[in-house]
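Visitor: Just one file: final_4.txt, with compact mmCIF, C-alpha atoms.
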```txt
# COMPACT_ATOMS: atom_id res chain seq x y z
CA MET A 1 -89.21 48.03 57.73
CA SER A 2 -87.18 51.26 57.40
CA GLU A 3 -83.42 51.18 57.72
CA ARG A 4 -82.08 51.75 61.22
CA ILE A 5 -80.00 54.87 61.75
CA ILE A 6 -77.25 54.33 64.31
CA PHE A 7 -74.72 56.97 65.35
CA HIS A 8 -71.35 56.21 66.93
CA VAL A 9 -70.04 59.27 68.78
CA ASP A 10 -66.33 58.92 69.54
CA MET A 11 -64.56 61.70 71.44
CA ASP A 12 -61.19 62.62 69.87
CA ALA A 13 -58.23 61.76 72.15
CA PHE A 14 -60.64 62.45 75.00
CA PHE A 15 -58.44 62.66 78.11
CA ALA A 16 -55.64 64.50 76.30
CA SER A 17 -58.12 66.89 74.65
CA VAL A 18 -59.67 67.78 78.02
CA GLU A 19 -56.20 68.57 79.37
CA GLN A 20 -55.32 70.69 76.32
CA ARG A 21 -58.63 72.53 76.62
CA ASP A 22 -58.01 73.39 80.26
CA ASN A 23 -54.35 74.37 79.88
CA PRO A 24 -53.51 76.71 76.97
CA ASN A 25 -49.83 75.84 77.38
CA LEU A 26 -50.60 72.28 76.21
CA GLN A 27 -52.48 73.20 73.06
CA HIS A 28 -50.96 72.00 69.76
CA LYS A 29 -48.26 70.13 71.70
CA PRO A 30 -47.53 66.39 72.14
CA VAL A 31 -49.28 65.40 75.38
CA ALA A 32 -49.53 62.00 77.07
CA VAL A 33 -51.96 61.34 79.92
CA ILE A 34 -50.51 58.98 82.53
CA GLY A 35 -51.23 57.59 85.99
CA PRO A 36 -49.63 58.87 89.21
CA ASN A 37 -46.64 56.60 89.76
CA GLU A 38 -43.28 56.17 88.08
CA ARG A 39 -44.13 52.81 86.49
CA THR A 40 -47.32 53.98 84.86
CA VAL A 41 -48.16 53.70 81.17
CA VAL A 42 -49.62 56.11 78.63
CA VAL A 43 -53.41 56.05 79.00
CA THR A 44 -53.97 58.16 75.91
CA SER A 45 -52.11 60.81 73.93
CA SER A 46 -52.89 63.87 71.86
CA TYR A 47 -52.91 63.64 68.09
CA GLU A 48 -49.71 65.67 68.02
CA ALA A 49 -48.05 62.94 70.12
CA ARG A 50 -49.57 60.11 68.07
CA ARG A 51 -48.13 61.55 64.87
CA LEU A 52 -44.71 61.37 66.52
CA GLY A 53 -45.08 57.69 67.44
CA VAL A 54 -46.52 57.76 70.98
CA GLU A 55 -49.00 54.93 71.53
CA THR A 56 -51.39 53.94 74.32
CA GLY A 57 -49.78 51.39 76.65
CA MET A 58 -46.23 52.67 76.21
CA SER A 59 -44.18 53.22 79.35
CA LYS A 60 -43.08 56.78 80.10
CA TYR A 61 -39.56 55.84 79.03
CA GLU A 62 -40.70 54.41 75.70
CA ALA A 63 -42.82 57.49 75.01
CA LYS A 64 -39.89 59.78 75.88
CA ARG A 65 -37.59 57.79 73.61
CA VAL A 66 -39.81 58.09 70.52
CA CYS A 67 -40.87 61.66 71.35
CA PRO A 68 -38.31 63.56 73.49
CA GLN A 69 -40.56 66.64 73.63
CA ILE A 70 -43.54 64.73 75.07
CA ILE A 71 -45.39 66.44 77.95
CA PHE A 72 -46.74 64.09 80.62
CA VAL A 73 -49.96 65.02 82.43
CA GLN A 74 -51.40 63.04 85.33
CA ALA A 75 -54.92 61.73 84.71
CA ASN A 76 -57.79 63.57 86.40
CA HIS A 77 -60.68 61.12 86.45
CA GLU A 78 -63.16 63.50 88.10
CA LYS A 79 -62.72 66.01 85.29
CA TYR A 80 -63.21 63.36 82.58
CA THR A 81 -66.29 62.00 84.35
CA GLN A 82 -67.87 65.45 84.50
CA ALA A 83 -67.24 65.96 80.79
CA CYS A 84 -68.70 62.53 79.99
CA GLU A 85 -71.87 63.27 81.94
CA LYS A 86 -72.38 66.50 79.96
CA ILE A 87 -71.89 64.61 76.70
CA VAL A 88 -74.47 62.03 77.80
CA GLU A 89 -76.91 64.85 78.57
CA ILE A 90 -76.44 66.29 75.06
CA LEU A 91 -76.92 62.93 73.36
CA TYR A 92 -80.10 62.20 75.32
CA SER A 93 -81.54 65.44 73.93
CA PHE A 94 -81.42 63.82 70.45
CA SER A 95 -82.79 60.37 71.32
CA PRO A 96 -83.64 58.29 74.41
CA ASP A 97 -82.14 55.22 72.70
CA LEU A 98 -78.59 55.68 73.94
CA GLU A 99 -75.86 53.21 74.85
CA VAL A 100 -72.97 54.72 76.79
CA TYR A 101 -70.38 52.23 75.61
CA SER A 102 -67.42 53.75 77.45
CA ILE A 103 -66.27 57.04 78.92
CA ASP A 104 -65.51 58.43 75.44
CA GLU A 105 -67.83 56.43 73.16
CA SER A 106 -71.60 56.20 72.78
CA PHE A 107 -74.10 54.70 70.35
CA LEU A 108 -77.29 56.57 69.53
CA ASP A 109 -80.31 55.18 67.63
CA ILE A 110 -82.51 57.87 66.07
CA SER A 111 -84.66 55.48 64.00
CA ALA A 112 -87.76 55.87 66.19
CA VAL A 113 -87.48 59.63 66.76
CA ARG A 114 -86.33 60.94 63.41
CA HIS A 115 -89.76 62.43 62.64
CA PHE A 116 -89.51 64.44 65.87
CA LEU A 117 -86.30 65.94 64.45
CA ASN A 118 -88.24 67.33 61.46
CA ASP A 119 -86.90 64.52 59.27
CA ILE A 120 -83.60 66.31 58.77
CA SER A 121 -80.84 64.19 57.24
CA PRO A 122 -78.64 61.96 59.44
CA LEU A 123 -75.58 63.97 58.37
CA GLU A 124 -77.24 67.18 59.50
CA ILE A 125 -78.08 65.57 62.86
CA GLY A 126 -74.43 64.49 63.13
CA LYS A 127 -73.34 68.09 62.49
CA ARG A 128 -75.68 69.33 65.22
CA ILE A 129 -74.35 66.76 67.72
CA LYS A 130 -70.78 67.81 66.97
CA GLN A 131 -71.71 71.49 67.21
CA ARG A 132 -73.49 71.07 70.58
CA ILE A 133 -70.55 69.19 72.08
CA GLN A 134 -68.07 71.76 70.73
CA GLU A 135 -70.09 74.71 72.01
CA SER A 136 -70.78 73.18 75.44
CA LEU A 137 -67.43 71.57 76.18
CA SER A 138 -64.94 72.95 73.62
CA LEU A 139 -64.15 69.36 72.60
CA SER A 140 -64.28 67.69 69.20
CA CYS A 141 -65.71 64.30 68.38
CA SER A 142 -65.98 62.03 65.36
CA VAL A 143 -69.43 60.76 64.37
CA GLY A 144 -70.12 57.66 62.30
CA ILE A 145 -73.59 56.91 60.91
CA ALA A 146 -74.72 53.54 59.57
CA PRO A 147 -77.49 50.89 59.66
CA ASN A 148 -75.88 49.02 62.59
CA LYS A 149 -73.34 49.42 65.39
CA LEU A 150 -70.54 47.58 63.58
CA LEU A 151 -70.67 49.88 60.55
CA ALA A 152 -71.29 53.02 62.63
CA LYS A 153 -68.08 52.35 64.58
CA LEU A 154 -66.24 51.79 61.30
CA ALA A 155 -67.67 55.04 59.91
CA SER A 156 -66.52 57.08 62.92
CA SER A 157 -62.93 56.00 62.26
CA HIS A 158 -62.99 57.79 58.89
CA HIS A 159 -61.44 61.27 58.76
CA LYS A 160 -60.54 61.39 62.47
CA PRO A 161 -60.19 63.68 64.31
CA ASP A 162 -63.34 65.79 64.03
CA GLY A 163 -64.80 63.45 61.41
CA LEU A 164 -68.34 62.95 60.15
CA PHE A 165 -69.08 60.03 57.81
CA GLN A 166 -72.12 58.00 56.82
CA ILE A 167 -72.21 54.46 55.45
CA LYS A 168 -75.48 53.73 53.65
CA GLU A 169 -76.78 50.23 52.96
CA GLU A 170 -75.97 50.48 49.26
CA ASP A 171 -72.37 51.57 50.02
CA VAL A 172 -71.48 48.56 52.16
CA PRO A 173 -70.13 46.13 49.50
CA ALA A 174 -67.78 48.73 48.02
CA ILE A 175 -66.51 49.91 51.42
CA LEU A 176 -65.87 46.38 52.72
CA LYS A 177 -64.44 44.92 49.50
CA ASP A 178 -60.74 45.58 50.21
CA LEU A 179 -61.01 46.53 53.89
CA PRO A 180 -58.58 44.50 56.06
CA VAL A 181 -60.49 42.27 58.48
CA GLU A 182 -58.74 43.79 61.49
CA GLU A 183 -60.46 47.11 60.75
CA LEU A 184 -63.75 45.60 61.93
CA TRP A 185 -64.78 46.15 65.54
CA GLY A 186 -64.19 42.96 67.56
CA ILE A 187 -61.47 41.41 65.38
CA GLY A 188 -58.28 41.61 67.38
CA LYS A 189 -54.72 40.52 66.73
CA ARG A 190 -55.22 36.83 67.49
CA THR A 191 -58.40 36.52 65.38
CA LYS A 192 -56.70 38.37 62.53
CA GLU A 193 -53.76 35.94 62.64
CA VAL A 194 -56.05 32.90 62.47
CA LEU A 195 -58.08 34.41 59.61
CA ASN A 196 -54.88 35.27 57.73
CA SER A 197 -53.66 31.69 58.18
CA LEU A 198 -56.85 30.62 56.38
CA GLY A 199 -56.08 32.98 53.51
CA ILE A 200 -58.66 35.55 54.66
CA TYR A 201 -57.30 39.09 54.65
CA ALA A 202 -60.11 41.33 53.36
CA CYS A 203 -63.72 41.61 54.52
CA SER A 204 -64.97 40.47 51.10
CA GLN A 205 -62.99 37.23 51.54
CA LEU A 206 -64.49 36.79 55.01
CA ALA A 207 -67.97 37.33 53.57
CA ARG A 208 -67.41 34.50 51.05
CA ALA A 209 -65.62 32.12 53.44
CA ASP A 210 -66.88 28.58 53.99
CA PRO A 211 -69.12 28.78 57.11
CA LEU A 212 -68.18 25.21 58.10
CA LEU A 213 -64.49 26.14 58.08
CA LEU A 214 -65.13 29.25 60.19
CA ARG A 215 -67.26 27.30 62.65
CA LYS A 216 -64.57 24.63 62.95
CA ARG A 217 -61.93 27.23 63.82
CA PHE A 218 -64.00 29.68 65.87
CA GLY A 219 -67.05 27.75 67.05
CA ILE A 220 -70.39 29.53 66.88
CA TRP A 221 -68.59 32.87 66.59
CA GLY A 222 -67.46 31.78 63.13
CA GLU A 223 -70.98 32.40 61.84
CA CYS A 224 -70.93 35.90 63.36
CA LEU A 225 -67.58 36.60 61.70
CA LYS A 226 -68.98 35.71 58.27
CA GLU A 227 -71.90 38.09 58.82
CA MET A 228 -69.52 40.81 59.96
CA GLY A 229 -67.59 40.40 56.72
CA GLN A 230 -70.90 41.12 54.95
CA GLY A 231 -71.50 44.22 57.07
CA LYS A 232 -74.26 42.58 59.10
CA TYR A 233 -74.52 43.00 62.86
CA SER A 234 -77.63 42.07 64.84
CA SER A 235 -76.66 43.41 68.27
CA SER A 236 -79.01 46.15 69.42
CA LEU A 237 -78.20 49.10 71.64
CA MET A 238 -77.87 48.40 75.35
CA PRO A 239 -79.43 51.33 77.26
CA PHE A 240 -77.76 52.30 80.53
CA GLY A 241 -79.04 50.14 83.38
CA CYS A 242 -80.06 47.28 81.06
CA GLU A 243 -76.61 45.76 80.59
CA PRO A 244 -76.15 41.97 80.92
CA LYS A 245 -75.36 40.76 84.39
CA ALA A 246 -71.73 41.37 85.23
CA ARG A 247 -69.61 38.23 85.56
CA SER A 248 -67.09 39.72 87.95
CA ILE A 249 -65.96 42.94 89.59
CA SER A 250 -62.24 43.50 89.89
CA HIS A 251 -59.54 46.06 90.57
CA SER A 252 -55.80 45.84 90.01
CA MET A 253 -52.79 48.07 90.52
CA THR A 254 -49.24 48.25 89.21
CA LEU A 255 -47.07 48.86 92.27
CA PRO A 256 -44.57 51.75 92.40
CA TYR A 257 -41.82 49.23 93.24
CA ASP A 258 -41.54 45.44 93.46
CA ILE A 259 -42.57 43.95 96.81
CA ALA A 260 -42.10 40.55 98.41
CA ALA A 261 -43.03 40.92 102.09
CA ALA A 262 -46.40 39.35 102.94
CA GLU A 263 -47.34 42.26 105.19
CA GLU A 264 -46.92 44.74 102.33
CA ILE A 265 -48.78 42.53 99.87
CA LEU A 266 -51.70 42.16 102.28
CA LYS A 267 -52.00 45.95 102.68
CA HIS A 268 -52.48 46.32 98.94
CA ILE A 269 -54.87 43.37 98.85
CA LEU A 270 -56.99 45.07 101.52
CA GLU A 271 -57.07 48.29 99.50
CA LEU A 272 -58.08 46.43 96.32
CA THR A 273 -60.70 44.37 98.17
CA ASP A 274 -62.20 47.54 99.63
CA MET A 275 -62.41 49.11 96.16
CA ALA A 276 -64.09 46.02 94.69
CA ALA A 277 -66.51 45.61 97.62
CA ARG A 278 -67.53 49.27 97.54
CA ARG A 279 -68.29 48.97 93.84
CA MET A 280 -70.30 45.78 94.47
CA ARG A 281 -72.42 47.51 97.08
CA ARG A 282 -72.91 50.55 94.85
CA GLU A 283 -74.06 48.39 91.94
CA GLY A 284 -76.14 46.01 94.08
CA PHE A 285 -74.14 42.78 93.79
CA LEU A 286 -73.06 39.99 96.12
CA GLY A 287 -70.22 37.62 95.18
CA ARG A 288 -69.35 33.99 95.96
CA THR A 289 -65.79 33.57 94.66
CA VAL A 290 -62.73 35.74 95.30
CA ALA A 291 -59.58 35.58 93.20
CA VAL A 292 -56.19 37.24 93.62
CA ILE A 293 -54.08 38.07 90.57
CA PHE A 294 -50.30 38.16 90.90
CA ARG A 295 -47.73 39.44 88.40
CA TYR A 296 -44.06 38.87 89.07
CA ASN A 297 -41.39 41.42 88.12
CA ASP A 298 -40.61 39.31 85.03
CA PHE A 299 -44.28 39.80 83.96
CA GLN A 300 -45.29 36.17 84.61
CA THR A 301 -48.95 36.40 85.67
CA PHE A 302 -51.17 33.91 87.47
CA SER A 303 -54.20 33.85 89.75
CA ARG A 304 -55.58 31.81 92.64
CA GLN A 305 -59.21 31.70 93.74
CA LYS A 306 -61.28 30.58 96.70
CA LYS A 307 -65.03 30.00 96.96
CA MET A 308 -66.81 31.55 99.92
CA PRO A 309 -69.59 29.64 101.74
CA TYR A 310 -72.19 32.30 100.85
CA ALA A 311 -72.48 35.40 98.70
CA THR A 312 -71.40 38.66 100.33
CA ASP A 313 -70.44 42.27 99.64
CA ASP A 314 -68.69 42.82 102.97
CA THR A 315 -65.11 44.05 102.64
CA ARG A 316 -63.82 42.25 105.72
CA LYS A 317 -65.28 38.88 104.78
CA ILE A 318 -63.99 39.05 101.21
CA TYR A 319 -60.59 40.19 102.46
CA SER A 320 -60.31 37.25 104.86
CA TYR A 321 -60.50 34.85 101.91
CA ALA A 322 -58.20 36.97 99.74
CA ALA A 323 -55.66 37.08 102.56
CA ALA A 324 -55.83 33.29 102.90
CA ILE A 325 -55.04 33.00 99.18
CA VAL A 326 -51.97 35.24 99.59
CA LYS A 327 -50.71 33.30 102.63
CA ASN A 328 -50.96 29.98 100.72
CA ALA A 329 -49.60 31.25 97.41
CA SER A 330 -45.89 30.29 97.88
CA LEU A 331 -44.66 33.30 95.93
CA GLU A 332 -41.28 32.76 94.28
CA LYS A 333 -40.39 36.26 93.02
CA PRO A 334 -41.06 39.90 93.84
CA ILE A 335 -44.51 41.17 92.86
CA ARG A 336 -45.05 43.94 90.30
CA LEU A 337 -48.86 43.93 90.05
CA LEU A 338 -51.72 42.76 92.25
CA GLY A 339 -55.43 42.38 91.57
CA VAL A 340 -58.57 41.25 93.37
CA SER A 341 -61.61 39.91 91.53
CA VAL A 342 -64.98 38.82 92.90
CA SER A 343 -67.13 36.58 90.70
CA GLY A 344 -70.23 34.40 91.01
CA LEU A 345 -72.23 37.61 91.24
CA GLU A 346 -75.90 37.79 92.12
CA ARG A 347 -78.26 40.66 92.80
CA ALA A 348 -78.44 41.71 96.44
CA GLN A 349 -81.82 41.23 98.11
CA GLU A 350 -83.20 42.70 101.32
CA GLU A 351 -81.43 40.78 104.07
CA LEU A 352 -82.72 39.35 107.34
CA PHE A 353 -79.80 39.13 109.76
CA LEU A 354 -79.44 36.24 112.17
CA PHE A 355 -76.58 37.88 114.07
CA GLU A 356 -76.44 41.45 115.37
CA GLN A 357 -72.80 41.87 114.26
CA ASP A 358 -73.82 41.23 110.65
CA LYS A 359 -76.49 43.92 110.88
CA ARG A 360 -73.96 46.38 112.36
CA ALA A 361 -71.43 45.55 109.60
CA LYS A 362 -74.08 46.26 106.96
CA ARG A 363 -74.95 49.61 108.54
CA LEU A 364 -71.28 50.54 108.85
CA ASN A 365 -70.59 49.71 105.20
CA LYS A 366 -73.58 51.79 104.13
CA THR A 367 -72.38 54.78 106.17
CA LEU A 368 -68.80 54.52 104.91
CA ASP A 369 -69.99 54.22 101.30
CA SER A 370 -72.22 57.25 101.70
CA LEU A 371 -69.41 59.39 103.09
CA ASN A 372 -66.88 58.21 100.50
CA GLU A 373 -69.41 58.87 97.72
CA ARG A 374 -70.08 62.37 99.00
CA PHE A 375 -66.56 63.48 99.85
CA GLY A 376 -64.47 61.30 97.53
CA GLY A 377 -63.36 57.67 97.57
CA GLY A 378 -61.01 56.84 100.43
CA ILE A 379 -61.94 59.77 102.69
CA LEU A 380 -62.62 57.08 105.31
CA THR A 381 -60.57 53.93 105.07
CA PHE A 382 -58.80 51.25 107.12
CA ALA A 383 -56.09 52.54 109.45
CA SER A 384 -53.56 50.10 107.97
CA LEU A 385 -53.96 51.82 104.59
CA LEU A 386 -53.15 55.35 105.75
CA SER A 387 -49.49 54.98 104.78
CA THR A 388 -50.22 53.24 101.48
CA VAL A 389 -48.96 55.03 98.38
CA LYS A 390 -51.71 56.01 95.94
CA HIS A 391 -51.56 53.94 92.76
CA ASP A 392 -52.84 54.10 89.23
CA LYS A 393 -56.61 53.85 89.12
CA VAL A 394 -57.09 54.40 85.42
CA ILE A 395 -60.62 54.37 84.05
CA SER A 396 -61.02 51.24 81.97
CA PRO A 397 -62.23 51.33 78.36
CA SER A 398 -65.54 49.83 79.45
CA TRP A 399 -66.14 52.44 82.16
CA ARG A 400 -69.61 53.97 82.21
CA PRO A 401 -70.63 57.01 84.25
CA TYR A 402 -72.28 55.79 87.44
CA GLY A 403 -75.75 57.25 87.74
CA ALA A 404 -76.07 58.23 84.07
CA ARG A 405 -79.70 58.77 83.31
CA LYS A 406 -82.09 60.22 80.80
CA TYR A 407 -81.99 63.97 81.19
```
Since I need it in another form, could you write the structure as structure tokens?
Guide:
Amino acid sequence: MSERIIFHVDMDAFFASVEQRDNPNLQHKPVAVIGPNERTVVVTSSYEARRLGVETGMSKYEAKRVCPQIIFVQANHEKYTQACEKIVEILYSFSPDLEVYSIDESFLDISAVRHFLNDISPLEIGKRIKQRIQESLSLSCSVGIAPNKLLAKLASSHHKPDGLFQIKEEDVPAILKDLPVEELWGIGKRTKEVLNSLGIYACSQLARADPLLLRKRFGIWGECLKEMGQGKYSSSLMPFGCEPKARSISHSMTLPYDIAAAEEILKHILELTDMAARRMRREGFLGRTVAVIFRYNDFQTFSRQKKMPYATDDTRKIYSYAAAIVKNASLEKPIRLLGVSVSGLERAQEELFLFEQDKRAKRLNKTLDSLNERFGGGILTFASLLSTVKHDKVISPSWRPYGARKY
């Protein structure tokens, strides 16, 4: 069987680069993309800002302290989504085997279509991808090429920004020999600390580690870790629309100021519930369990959940249970962050309604969703939310463009 050829296409400082592209006054300057309120954090920053110490997740005040000349720009999700959709269109022109991993990252498998590309080298294909994206969007990306997703993601991190690097099967032992384990995709801070406590610092040490020891400390994932240390990774691409069933759908917001009054909290809970329910209906899910996440102003975080008698995607029904959670929560301190999560998801089926009010509620939700989709989220909303301040709604790292398709 011939070696698989996987590309990882990673847009360089995506949000910040889009802003610099669209505003000449921001080019070659330290830029940080942030949310709309005063307590927001840095979503991403330009390479000029990164070189001066600005990191994702910093508060505005921290970013200003390490880089006094930083320029803050409010995130424009619609603009980033449009750019992502154009990138997806370009990538589909090279291969139908595409996984849109996030708004700024994609995996592309050309193994089955390479002969249609005149058998040109993977590096040449990478150059053409980069050239097409640059010509169409005036944005740079880094492309990694390897036999699997793990190594392709590692390859794309070489020579960023605007990088192009290939890891061939025969190169793997030399590349991984002294590579710190935390450089591998999926090994975070906590896993690194546990591995280090076992005397495992480099990938070559992980590759030789006792599998029984790894299984004892990490369970079945220990076996996967050993294979990762050897450069092996069996996970295949997940084409858009074929993702595993979602476990939950949630939305959260950091509030512009701490709140304690139940009436204020419930307004925000209604807004979050409406966002989650609209997404459930759009993606075809019903949920059975609702949870509310609370974060005090001292950053202590906890959640409470309540099971509903039947699965639903109706905003009002989900909100009634979320509101009951809030009323029974016995909050002790002012709230800094709130979240609503719906789990126990199942695919929605064609419904037969016993009561006329349920049928009307379904029709109303469908109409509201259609109008909000056409004219922008929130164009029609609950009257009690009209005075609500708009909060950070930052695209998460796992965001995928709704409606992405093969072009």
Visitor: May I ask for the distance between CA of Asn118 (chain A) and CA of Ser93 (chain A), given in Å to one decimal place?
Guide: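 Result for CA of Asn118 (chain A) versus CA of Ser93 (chain A): 14.3 Å, one decimal.
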Visitor: Please report the interatomic distance between CA of Lys79 (chain A) and CA of Pro161 (chain A) in Å with one decimal.
Guide: 21.3 Å
Visitor: Can you build me a table of region 3-112 of chain A residues sitting at most 10 Å from region 166-185 of chain A, with the closest atom pair per residue and its distance in Å to one decimal, using all atoms listed in the file, sorted by chain and residue number, as CSV?
Guide:
```
residue,atom,partner,partner_atom,distance
A:Glu3,CA,A:Glu169,CA,8.2
A:Arg4,CA,A:Glu169,CA,9.9
A:Ile5,CA,A:Lys168,CA,9.3
A:Ile6,CA,A:Gln166,CA,9.8
A:Phe7,CA,A:Gln166,CA,9.0
```
Visitor: Using only C-alpha atoms, can you tell me which of A:Met238, A:Leu255, A:Leu139, A:Val33 comes closest to Tyr101 (chain A)?
Guide: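 The shortest atom-to-atom distance to Tyr101 (chain A) comes from A:Met238.
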Visitor: Could you list, as a list in words, every residue within 10 Å of Tyr233 (chain A), counting all atoms listed in the file and ignoring same-chain residues fewer than 3 positions away?
Guide: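 My reading of the contact set: Pro147, Asn148, Lys149, Leu150, Leu151, Cys224, Leu225, Glu227, Met228, Gly229, Gln230 and Ser236 of chain A.
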Visitor: With 8 Å added on each side, what axis-aligned box encloses every listed atom of region 188-204 of chain A? Give the centre and edge lengths in Å to one decimal, as lines of an AutoDock Vina configuration file.
Guide:
```
center_x = -59.3
center_y = 36.1
center_z = 59.3
size_x = 27.3
size_y = 27.0
size_z = 32.4
```
Visitor: Taking (-50.0, 53.9, 69.5) in the file's coordinates as the center, which residues reach within 12 Å of it, counting only C-alpha atoms, put as a ChimeraX atom specification?
Guide: /A:13,32,41-59,62-63,66
Visitor: With only C-alpha atoms as the basis for distance, which of A:Ala202, A:Leu91, A:Leu331, A:Ile269 is at the shortest distance from Tyr296 (chain A)?
Guide: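 Smallest distance to Tyr296 (chain A) is found for A:Leu331.
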Visitor: Rank A:Pro30, A:Ala112, A:Asn23, A:Lys127 by their smallest atom-to-atom distance to Pro68 (chain A), using all atoms listed in the file, and report the top residue only.
Guide: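 For Pro68 (chain A), the nearest of the given residues is A:Pro30.
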Visitor: Just the number, please: distance in Å from CA of Cys67 (chain A) to CA of Thr40 (chain A), one decimal.
Guide: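 Separation between CA of Cys67 (chain A) and CA of Thr40 (chain A): 16.8 Å.
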Visitor: So that I can see what lies close to region 209-222 of chain A, please list as a short mmCIF file (atom, residue, chain, number, x, y, z; two decimals) with C-alpha atoms, keeping the file's coordinate frame the residues with an atom at most 10 Å from it, counting all atoms listed in the file and leaving out residues fewer than 4 positions away in the same chain.
Guide:
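Wrote it out as selection.cif, contents follow:
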```
data_model
loop_
_atom_site.label_atom_id
_atom_site.label_comp_id
_atom_site.auth_asym_id
_atom_site.auth_seq_id
_atom_site.Cartn_x
_atom_site.Cartn_y
_atom_site.Cartn_z
CA THR A 191 -58.40 36.52 65.38
CA VAL A 194 -56.05 32.90 62.47
CA LEU A 195 -58.08 34.41 59.61
CA LEU A 198 -56.85 30.62 56.38
CA GLY A 199 -56.08 32.98 53.51
CA ILE A 200 -58.66 35.55 54.66
CA CYS A 203 -63.72 41.61 54.52
CA SER A 204 -64.97 40.47 51.10
CA GLN A 205 -62.99 37.23 51.54
CA LYS A 226 -68.98 35.71 58.27
CA GLU A 227 -71.90 38.09 58.82
CA MET A 228 -69.52 40.81 59.96
CA GLY A 229 -67.59 40.40 56.72
#
```
Visitor: Nearest residue to Thr254 (chain A) out of A:Met308, A:Ile187, A:Ala155, A:Leu338, using all atoms listed in the file?
Guide: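 Distance minimum relative to Thr254 (chain A) lands on A:Leu338.
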Visitor: With a distance cut-off of 6 Å and only C-alpha atoms, select the neighbouring residues of His251 (chain A), excluding the residue or stretch itself and same-chain residues fewer than 6 positions from it, and output the selection as a VMD selection string.
Guide: chain A and resid 272 339 to 340
Visitor: Applying 9 Å and all atoms listed in the file, which residues near Ala75 (chain A) remain after dropping the ones on its own chain fewer than 2 positions away? List them as a PDB file with C-alpha atoms, in the coordinates of the input.
Guide:
```
ATOM      1  CA  PHE A  15     -58.440  62.660  78.110  1.00  0.00           C
ATOM      2  CA  ALA A  16     -55.640  64.500  76.300  1.00  0.00           C
ATOM      3  CA  GLU A  19     -56.200  68.570  79.370  1.00  0.00           C
ATOM      4  CA  VAL A  33     -51.960  61.340  79.920  1.00  0.00           C
ATOM      5  CA  ILE A  34     -50.510  58.980  82.530  1.00  0.00           C
ATOM      6  CA  GLY A  35     -51.230  57.590  85.990  1.00  0.00           C
ATOM      7  CA  PRO A  36     -49.630  58.870  89.210  1.00  0.00           C
ATOM      8  CA  VAL A  43     -53.410  56.050  79.000  1.00  0.00           C
ATOM      9  CA  VAL A  73     -49.960  65.020  82.430  1.00  0.00           C
ATOM     10  CA  HIS A  77     -60.680  61.120  86.450  1.00  0.00           C
ATOM     11  CA  LYS A  79     -62.720  66.010  85.290  1.00  0.00           C
ATOM     12  CA  TYR A  80     -63.210  63.360  82.580  1.00  0.00           C
ATOM     13  CA  VAL A 394     -57.090  54.400  85.420  1.00  0.00           C
TER      14      VAL A 394
END
```
Visitor: So that I can check the surroundings of Thr273 (chain A), please list as a VMD selection string every protein, DNA and RNA residue that reaches within 10 Å of it, counting all atoms listed in the file and ignoring chain neighbours fewer than 2 positions away.
Guide: chain A and resid 250 to 252 267 to 271 275 to 279 290 292 314 to 320 322 to 323 339 to 342
Visitor: Using all atoms listed in the file for the distances, tell me which of A:Asp12, A:Pro256, A:Pro239, A:Arg21 is nearest to Ser95 (chain A).
Guide: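 Closest to Ser95 (chain A), using all atoms listed in the file: A:Pro239.
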